[in-house]
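Q: Data: work_28.csv, CSV, C-alpha atoms.
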```csv
chain,number,residue,atom,x,y,z
A,453,GLU,CA,0.0,0.0,0.0
A,454,ILE,CA,1.0,3.6,-0.6
A,455,SER,CA,1.6,5.5,2.6
A,456,ALA,CA,2.3,9.2,3.2
A,457,PRO,CA,5.9,10.2,4.0
A,458,MET,CA,6.6,10.3,7.7
A,459,GLU,CA,7.0,14.1,7.7
A,460,TYR,CA,3.3,14.4,6.8
A,461,ALA,CA,1.3,15.5,9.8
A,462,PHE,CA,-2.0,13.7,9.4
A,463,ASP,CA,-3.8,16.1,11.7
A,464,TYR,CA,-2.8,18.9,9.3
A,465,TYR,CA,-3.0,17.2,5.9
A,466,PHE,CA,-6.2,15.5,6.7
A,467,GLY,CA,-8.8,15.4,9.4
A,468,GLY,CA,-7.7,12.0,10.6
A,469,GLY,CA,-7.2,8.5,9.4
A,470,THR,CA,-4.3,6.5,8.0
A,471,GLY,CA,-5.5,6.0,4.5
A,472,THR,CA,-6.5,2.3,4.8
A,473,SER,CA,-9.9,0.9,3.8
A,474,GLY,CA,-10.9,0.6,7.4
A,475,ASP,CA,-9.4,4.0,8.4
A,476,PRO,CA,-9.5,6.4,5.5
A,477,TYR,CA,-8.1,9.8,5.4
A,478,LEU,CA,-10.9,12.2,6.4
A,479,ILE,CA,-11.6,15.2,4.3
A,480,GLU,CA,-13.2,17.8,6.6
A,481,GLU,CA,-12.3,21.1,4.9
A,482,LYS,CA,-11.0,22.5,1.6
A,483,ARG,CA,-7.3,22.2,2.4
A,484,HIS,CA,-7.7,18.5,3.2
A,485,PHE,CA,-9.1,17.9,-0.3
A,486,LEU,CA,-6.4,20.0,-1.9
A,487,ASN,CA,-3.8,17.9,-0.1
A,488,ILE,CA,-4.7,14.8,-2.1
A,489,ASN,CA,-2.5,16.4,-4.8
A,490,GLU,CA,0.4,16.2,-2.3
A,491,MET,CA,0.1,12.5,-1.8
A,492,PRO,CA,1.9,9.8,-3.9
A,493,GLN,CA,-0.3,8.9,-6.8
A,494,THR,CA,1.5,5.8,-8.1
A,495,GLY,CA,1.2,2.1,-7.4
A,496,SER,CA,-1.8,-0.2,-7.0
A,497,GLU,CA,-5.2,1.3,-7.9
A,498,PHE,CA,-7.6,2.0,-5.0
A,499,SER,CA,-4.8,1.5,-2.4
A,500,VAL,CA,-5.2,4.8,-0.6
A,501,TYR,CA,-8.6,5.6,0.8
A,502,TYR,CA,-10.3,9.0,1.4
A,503,LYS,CA,-13.7,9.9,2.8
A,504,LEU,CA,-15.5,13.2,2.5
A,505,MET,CA,-17.0,14.3,5.8
A,506,THR,CA,-18.7,17.6,4.8
A,507,ASP,CA,-19.8,19.7,1.8
A,508,LEU,CA,-17.0,21.8,0.1
A,509,ASP,CA,-16.9,24.9,-2.1
A,510,LEU,CA,-13.9,24.8,-4.4
A,511,SER,CA,-14.6,27.7,-6.8
A,512,TYR,CA,-11.8,28.3,-9.3
A,513,PHE,CA,-10.3,25.0,-8.6
A,514,MET,CA,-7.8,23.5,-11.1
A,515,GLY,CA,-8.5,19.9,-10.2
A,516,ILE,CA,-6.8,16.9,-8.6
A,517,GLY,CA,-4.2,15.4,-10.9
A,518,ALA,CA,-3.9,11.7,-11.7
A,519,PHE,CA,-5.9,10.0,-9.0
A,520,TYR,CA,-5.2,6.3,-8.1
A,521,GLY,CA,-7.0,6.0,-4.8
A,522,THR,CA,-10.5,5.3,-3.6
A,523,PHE,CA,-12.6,8.4,-2.9
A,524,ASP,CA,-15.8,8.0,-0.9
A,525,GLY,CA,-17.9,11.1,-1.2
A,526,ASN,CA,-20.1,9.8,1.6
A,527,GLN,CA,-23.1,11.5,-0.1
A,528,HIS,CA,-21.7,15.0,0.4
A,529,THR,CA,-21.5,17.7,-2.2
A,530,ILE,CA,-18.4,19.4,-3.7
A,531,SER,CA,-19.1,22.6,-5.7
A,532,TRP,CA,-16.6,23.9,-8.1
A,533,GLY,CA,-16.5,26.3,-11.1
A,534,TRP,CA,-14.5,28.3,-13.5
A,535,ARG,CA,-15.1,31.4,-15.7
A,536,TYR,CA,-12.9,32.3,-18.7
A,537,SER,CA,-12.5,35.7,-20.2
A,538,GLY,CA,-11.4,36.3,-23.8
A,539,ASP,CA,-7.7,36.7,-23.0
A,540,ASP,CA,-7.3,33.5,-20.9
A,541,ASN,CA,-5.4,30.5,-22.1
A,542,ILE,CA,-7.5,27.3,-22.1
A,543,GLU,CA,-6.3,24.5,-19.8
A,544,PRO,CA,-6.3,21.1,-21.5
A,545,ILE,CA,-8.5,19.5,-18.8
A,546,HIS,CA,-11.1,21.0,-16.4
A,547,ALA,CA,-12.7,18.7,-13.8
A,548,LEU,CA,-12.8,17.9,-10.1
A,549,PHE,CA,-10.4,15.0,-10.9
A,550,LEU,CA,-8.4,15.6,-14.0
A,551,LYS,CA,-7.6,11.9,-14.6
A,552,ASN,CA,-9.1,9.1,-12.6
A,553,TYR,CA,-7.3,5.7,-12.4
A,554,GLY,CA,-9.0,4.7,-9.1
A,555,ARG,CA,-12.5,4.6,-7.7
A,556,ILE,CA,-14.8,7.5,-7.0
A,557,LYS,CA,-18.1,6.7,-5.3
A,558,MET,CA,-21.1,8.2,-3.5
A,559,LEU,CA,-20.0,11.8,-4.5
A,560,ASN,CA,-22.3,14.7,-5.4
A,561,VAL,CA,-20.9,17.5,-7.5
A,562,GLU,CA,-22.2,20.9,-8.6
A,563,VAL,CA,-20.3,22.7,-11.3
A,564,GLU,CA,-20.7,26.1,-12.9
A,565,PHE,CA,-18.4,26.7,-15.9
A,566,SER,CA,-18.5,29.6,-18.4
A,567,ALA,CA,-16.4,30.4,-21.4
A,568,ASN,CA,-17.2,32.3,-24.6
A,569,TRP,CA,-16.0,31.7,-28.1
A,570,PHE,CA,-12.4,30.5,-28.3
A,571,GLY,CA,-10.7,29.3,-31.5
A,572,GLU,CA,-8.8,26.4,-30.0
A,573,THR,CA,-6.7,24.1,-32.3
A,574,THR,CA,-6.2,21.3,-29.8
A,575,VAL,CA,-8.7,19.1,-28.0
A,576,SER,CA,-9.5,19.9,-24.4
A,577,TYR,CA,-11.8,18.2,-21.9
A,578,LEU,CA,-14.4,19.4,-19.4
A,579,GLY,CA,-16.0,16.9,-17.0
A,580,GLY,CA,-18.3,17.6,-14.1
A,581,ILE,CA,-16.5,15.0,-11.9
A,582,VAL,CA,-13.6,13.6,-14.1
A,583,GLY,CA,-11.9,14.8,-17.2
A,584,ARG,CA,-10.5,11.5,-18.5
A,585,ASN,CA,-11.8,8.4,-16.7
A,586,HIS,CA,-9.6,5.3,-16.7
A,587,GLY,CA,-11.1,3.9,-13.5
A,588,TYR,CA,-14.5,3.7,-11.8
A,589,ILE,CA,-17.1,6.3,-11.1
A,590,VAL,CA,-20.0,4.8,-9.2
A,591,ASP,CA,-23.2,5.9,-7.5
A,592,SER,CA,-22.4,9.6,-8.0
A,593,TYR,CA,-24.3,12.7,-9.2
A,594,CYS,CA,-23.5,15.9,-10.9
A,595,LYS,CA,-25.6,19.0,-11.4
A,596,THR,CA,-24.2,21.0,-14.3
A,597,THR,CA,-24.5,24.7,-15.2
A,598,ILE,CA,-22.1,24.7,-18.2
A,599,ASP,CA,-22.0,27.3,-21.0
A,600,SER,CA,-18.7,26.7,-22.8
A,601,ARG,CA,-18.2,27.8,-26.4
A,602,ILE,CA,-14.7,26.4,-26.7
A,603,TYR,CA,-14.0,24.8,-30.1
A,604,LYS,CA,-12.6,21.3,-29.8
A,605,GLN,CA,-13.7,20.9,-26.2
A,606,ILE,CA,-15.2,17.6,-25.2
A,607,ILE,CA,-17.8,18.0,-22.4
A,608,GLY,CA,-19.5,15.4,-20.2
A,609,GLY,CA,-21.7,15.8,-17.2
A,610,ILE,CA,-19.9,13.0,-15.3
A,611,ALA,CA,-16.7,12.5,-17.4
A,612,ALA,CA,-15.5,14.3,-20.5
A,613,CYS,CA,-14.1,11.0,-21.8
A,614,ASN,CA,-14.7,7.5,-20.5
A,615,GLU,CA,-11.6,5.8,-21.7
A,616,SER,CA,-11.2,2.3,-22.9
A,617,ASN,CA,-10.5,1.1,-19.4
A,618,GLY,CA,-13.1,3.4,-17.8
A,619,ASN,CA,-16.4,2.5,-16.1
A,620,ILE,CA,-19.3,4.6,-15.1
A,621,TYR,CA,-22.0,2.9,-13.1
A,622,TYR,CA,-25.3,4.2,-11.6
A,623,CYS,CA,-24.5,7.9,-11.9
A,624,ASP,CA,-27.0,10.7,-12.5
A,625,SER,CA,-26.5,14.0,-14.4
A,626,THR,CA,-28.9,16.9,-14.4
A,627,GLY,CA,-28.8,20.6,-15.3
A,628,ASP,CA,-27.8,22.6,-18.4
A,629,ILE,CA,-25.0,21.9,-20.8
A,630,THR,CA,-24.1,24.1,-23.8
A,631,GLY,CA,-21.0,23.3,-25.8
A,632,ALA,CA,-19.5,23.9,-29.3
A,633,TYR,CA,-18.0,20.5,-30.2
A,634,VAL,CA,-18.9,17.2,-28.4
A,635,ILE,CA,-21.2,17.1,-25.4
A,636,GLY,CA,-22.9,14.2,-23.5
A,637,GLY,CA,-25.0,14.1,-20.4
A,638,ILE,CA,-22.9,11.3,-18.8
A,639,ALA,CA,-19.8,11.3,-21.1
A,640,GLY,CA,-18.7,13.4,-24.0
A,641,ILE,CA,-17.0,10.3,-25.5
A,642,ASN,CA,-17.6,6.7,-24.3
A,643,ASP,CA,-14.9,4.2,-25.1
A,644,ASN,CA,-15.9,1.5,-22.6
A,645,GLN,CA,-18.9,0.9,-20.2
A,646,ILE,CA,-21.7,3.2,-19.0
A,647,ASN,CA,-24.3,1.2,-17.0
A,648,GLY,CA,-27.5,2.1,-15.1
A,649,CYS,CA,-27.2,5.9,-15.4
A,650,TYR,CA,-29.9,8.6,-15.6
A,651,VAL,CA,-29.8,12.0,-17.4
A,652,LEU,CA,-32.1,15.0,-17.2
A,653,CYS,CA,-30.2,17.7,-19.0
A,654,ASN,CA,-31.1,20.6,-21.2
A,655,MET,CA,-28.4,20.3,-23.9
A,656,THR,CA,-27.5,22.7,-26.6
A,657,LEU,CA,-24.8,22.2,-29.3
A,658,ASP,CA,-23.9,25.8,-30.3
A,659,TYR,CA,-21.6,24.7,-33.1
A,660,PHE,CA,-19.4,26.9,-35.1
A,661,ASP,CA,-16.4,26.5,-37.5
A,662,LEU,CA,-13.8,29.2,-37.2
A,663,THR,CA,-11.7,27.6,-40.0
A,664,GLN,CA,-14.6,27.5,-42.5
A,665,THR,CA,-13.5,23.9,-43.3
A,666,SER,CA,-15.0,20.5,-42.7
A,667,SER,CA,-15.4,20.0,-38.9
A,668,TYR,CA,-17.0,17.6,-36.4
A,669,ALA,CA,-19.6,18.0,-33.7
A,670,ALA,CA,-21.8,15.6,-31.7
A,671,MET,CA,-24.4,15.6,-28.9
A,672,GLY,CA,-26.1,12.8,-27.0
A,673,GLN,CA,-28.1,12.5,-23.8
A,674,ILE,CA,-25.9,9.7,-22.5
A,675,ALA,CA,-22.8,10.1,-24.6
A,676,GLY,CA,-22.0,12.5,-27.4
A,677,VAL,CA,-20.0,9.8,-29.1
A,678,ASN,CA,-20.4,6.2,-28.1
A,679,ASN,CA,-17.8,3.7,-29.2
A,680,ASP,CA,-18.6,0.8,-26.9
A,681,TYR,CA,-21.2,-0.2,-24.3
A,682,ILE,CA,-24.2,1.6,-22.8
A,683,TYR,CA,-26.7,-0.5,-20.9
A,684,GLY,CA,-29.7,0.1,-18.7
A,685,CYS,CA,-29.6,3.9,-18.8
A,686,ASP,CA,-32.6,6.3,-18.8
A,687,VAL,CA,-33.3,9.8,-20.0
A,688,GLY,CA,-35.8,12.1,-18.3
A,689,THR,CA,-38.1,14.4,-20.0
```
Using structure tokens, write down the structure from this file.
A:
Amino acid sequence: EISAPMEYAFDYYFGGGTGTSGDPYLIEEKRHFLNINEMPQTGSEFSVYYKLMTDLDLSYFMGIGAFYGTFDGNQHTISWGWRYSGDDNIEPIHALFLKNYGRIKMLNVEVEFSANWFGETTVSYLGGIVGRNHGYIVDSYCKTTIDSRIYKQIIGGIAACNESNGNIYYCDSTGDITGAYVIGGIAGINDNQINGCYVLCNMTLDYFDLTQTSSYAAMGQIAGVNNDYIYGCDVGT
């Protein structure tokens, strides 16, 4: 198992715990959550355990990097958001967890994201919970207020891209999503499994082509682009 360096003071970095399945690190305030980025993120998937103990507001948060642990949201809510102006550089990934290789469960998220027209030439990702999912997202919920007119940005209510080793089970997505390239209520692009999810989203594809050449855009209530397996999902009206 991965353990924190000895110099880490657990009563400072986290609210308690030792990071095991029976004694997870406790997330009791914003700095505890941010300190996940300070922990080693290599080794066996799911081997470091975290448990959220309260609701958190993380406005203008850049996201946890590559995550390999197990995060138990404990039915609490994390709110995060971002607003771009016309002179800002676009980050390649926006999400609560930029890349997930572990397991995220029982987490509620509220996201507000706003960006006006940008002529990007490279693909970027915006996910309510995860940017690029290589692990598991289970029994989680995201309420979206997304209005992002960024060309070549892939947007998903739960994950921007559910990669070929990614799994999304029993998650719900509600709210409003406006995008300019690829948008999906659960995942912008699905390359593996989405199972038992529910979507009730107002979705708008405000497509434009700055280059005036042949381009690509897609929208779907579950996945904007589906390349693999969607089963047992439902869409509200």
Q: Tell me, in Å to one decimal, how far CA of Asn487 (chain A) is from CA of Ala639 (chain A).
A: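 Distance reported for this atom pair: 27.2 Å.
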Q: List every protein, DNA or RNA residue that has an atom no more than 7 Å from (-21.8, 24.5, -33.1) in the file's coordinate frame, counting only C-alpha atoms, and report them as a CSV table (one decimal) with C-alpha atoms, keeping the file's coordinate frame.
A:
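What follows is the written file out-v4.csv:
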```csv
chain,number,residue,atom,x,y,z
A,632,ALA,CA,-19.5,23.9,-29.3
A,633,TYR,CA,-18.0,20.5,-30.2
A,657,LEU,CA,-24.8,22.2,-29.3
A,658,ASP,CA,-23.9,25.8,-30.3
A,659,TYR,CA,-21.6,24.7,-33.1
A,660,PHE,CA,-19.4,26.9,-35.1
A,669,ALA,CA,-19.6,18.0,-33.7
```
Q: Can you tell me, as a PyMOL selection string, what residues are no more than 10 Å from Asn585 (chain A) when counting only C-alpha atoms, ignoring any on the same chain fewer than 4 positions away?
A: chain A and resi 518-519+549-555+579+581+589+610-620+639+642-644
Q: Can I get the selected residues back with C-alpha atoms, as a PDB file, in the coordinates of the input?
A:
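Output saved as again-v8.pdb:
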```
ATOM      1  CA  ALA A 518      -3.900  11.700 -11.700  1.00  0.00           C
ATOM      2  CA  PHE A 519      -5.900  10.000  -9.000  1.00  0.00           C
ATOM      3  CA  PHE A 549     -10.400  15.000 -10.900  1.00  0.00           C
ATOM      4  CA  LEU A 550      -8.400  15.600 -14.000  1.00  0.00           C
ATOM      5  CA  LYS A 551      -7.600  11.900 -14.600  1.00  0.00           C
ATOM      6  CA  ASN A 552      -9.100   9.100 -12.600  1.00  0.00           C
ATOM      7  CA  TYR A 553      -7.300   5.700 -12.400  1.00  0.00           C
ATOM      8  CA  GLY A 554      -9.000   4.700  -9.100  1.00  0.00           C
ATOM      9  CA  ARG A 555     -12.500   4.600  -7.700  1.00  0.00           C
ATOM     10  CA  GLY A 579     -16.000  16.900 -17.000  1.00  0.00           C
ATOM     11  CA  ILE A 581     -16.500  15.000 -11.900  1.00  0.00           C
ATOM     12  CA  ILE A 589     -17.100   6.300 -11.100  1.00  0.00           C
ATOM     13  CA  ILE A 610     -19.900  13.000 -15.300  1.00  0.00           C
ATOM     14  CA  ALA A 611     -16.700  12.500 -17.400  1.00  0.00           C
ATOM     15  CA  ALA A 612     -15.500  14.300 -20.500  1.00  0.00           C
ATOM     16  CA  CYS A 613     -14.100  11.000 -21.800  1.00  0.00           C
ATOM     17  CA  ASN A 614     -14.700   7.500 -20.500  1.00  0.00           C
ATOM     18  CA  GLU A 615     -11.600   5.800 -21.700  1.00  0.00           C
ATOM     19  CA  SER A 616     -11.200   2.300 -22.900  1.00  0.00           C
ATOM     20  CA  ASN A 617     -10.500   1.100 -19.400  1.00  0.00           C
ATOM     21  CA  GLY A 618     -13.100   3.400 -17.800  1.00  0.00           C
ATOM     22  CA  ASN A 619     -16.400   2.500 -16.100  1.00  0.00           C
ATOM     23  CA  ILE A 620     -19.300   4.600 -15.100  1.00  0.00           C
ATOM     24  CA  ALA A 639     -19.800  11.300 -21.100  1.00  0.00           C
ATOM     25  CA  ASN A 642     -17.600   6.700 -24.300  1.00  0.00           C
ATOM     26  CA  ASP A 643     -14.900   4.200 -25.100  1.00  0.00           C
ATOM     27  CA  ASN A 644     -15.900   1.500 -22.600  1.00  0.00           C
TER      28      ASN A 644
END
```
Q: Give me, please, the distance in Å between CA of Asn568 (chain A) and CA of Arg535 (chain A), quoted to one decimal.
A: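 Value for the CA of Asn568 (chain A)-CA of Arg535 (chain A) distance: 9.2 Å.
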Q: Please identify all polymer residues within 10 Å of Lys595 (chain A), counting only C-alpha atoms, omitting same-chain residues fewer than 3 positions from it, and present them as an NGL selection string.
A: :A and (531 or 560-564 or 580-581 or 598 or 609-610 or 624-629 or 652-653)
Q: Quick check, in Å to one decimal: how far apart do CA of Gly636 (chain A) and CA of Ile542 (chain A) lie?
A: 20.3 Å
Q: Using only C-alpha atoms, which residue out of A:Gly608, A:Gly583, A:Gly672, A:Gly640 lies closest to Ile516 (chain A)?
A: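 Checking each candidate against Ile516 (chain A), we get A:Gly583 as the closest.
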Q: Contacts of Asn526 (chain A) at 12 Å or less, counting all atoms listed in the file, minus same-chain residues fewer than 5 places along, as a VMD selection string?
A: chain A and resid 476 478 to 480 502 to 507 556 to 561 590 to 593
Q: In terms of the shortest atom-to-atom distance over all atoms listed in the file, which of A:Ala675, A:Ile635, A:Ile646, A:Ile530 is closest to Gly587 (chain A)?
A: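 Under the stated criterion, the closest residue is A:Ile646.
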Q: Check the smallest atom-to-atom distance from each of A:Met655, A:Ile607, A:Val582, A:Ile638 to Phe565 (chain A) using only C-alpha atoms, then report the winner.
A: A:Ile607
Q: Please list as an MDAnalysis selection string every residue within 12 Å of Leu486 (chain A), counting all atoms listed in the file and excluding residues in the same chain fewer than 2 positions away.
A: chainID A and resid 464:466 479:484 488:491 508:510 513:517 548:549
Q: Go ahead and save the picked residues with C-alpha atoms, as an mmCIF file, keeping the file's coordinate frame.
A:
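As a result, selection36.cif now contains:
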```
data_model
loop_
_atom_site.group_PDB
_atom_site.id
_atom_site.type_symbol
_atom_site.label_atom_id
_atom_site.label_comp_id
_atom_site.auth_asym_id
_atom_site.auth_seq_id
_atom_site.Cartn_x
_atom_site.Cartn_y
_atom_site.Cartn_z
ATOM 1 C CA TYR A 464 -2.800 18.900 9.300
ATOM 2 C CA TYR A 465 -3.000 17.200 5.900
ATOM 3 C CA PHE A 466 -6.200 15.500 6.700
ATOM 4 C CA ILE A 479 -11.600 15.200 4.300
ATOM 5 C CA GLU A 480 -13.200 17.800 6.600
ATOM 6 C CA GLU A 481 -12.300 21.100 4.900
ATOM 7 C CA LYS A 482 -11.000 22.500 1.600
ATOM 8 C CA ARG A 483 -7.300 22.200 2.400
ATOM 9 C CA HIS A 484 -7.700 18.500 3.200
ATOM 10 C CA ILE A 488 -4.700 14.800 -2.100
ATOM 11 C CA ASN A 489 -2.500 16.400 -4.800
ATOM 12 C CA GLU A 490 0.400 16.200 -2.300
ATOM 13 C CA MET A 491 0.100 12.500 -1.800
ATOM 14 C CA LEU A 508 -17.000 21.800 0.100
ATOM 15 C CA ASP A 509 -16.900 24.900 -2.100
ATOM 16 C CA LEU A 510 -13.900 24.800 -4.400
ATOM 17 C CA PHE A 513 -10.300 25.000 -8.600
ATOM 18 C CA MET A 514 -7.800 23.500 -11.100
ATOM 19 C CA GLY A 515 -8.500 19.900 -10.200
ATOM 20 C CA ILE A 516 -6.800 16.900 -8.600
ATOM 21 C CA GLY A 517 -4.200 15.400 -10.900
ATOM 22 C CA LEU A 548 -12.800 17.900 -10.100
ATOM 23 C CA PHE A 549 -10.400 15.000 -10.900
#
```
Q: Which polymer residues, protein or nucleic acid, are no farther than 12 Å from (-31.0, 0.4, -22.0), counting all atoms listed in the file, as a list in words?
A: Ile646, Asn647, Gly648, Cys649, Tyr650, Ile674, Tyr681, Ile682, Tyr683, Gly684, Cys685, Asp686 and Val687 of chain A
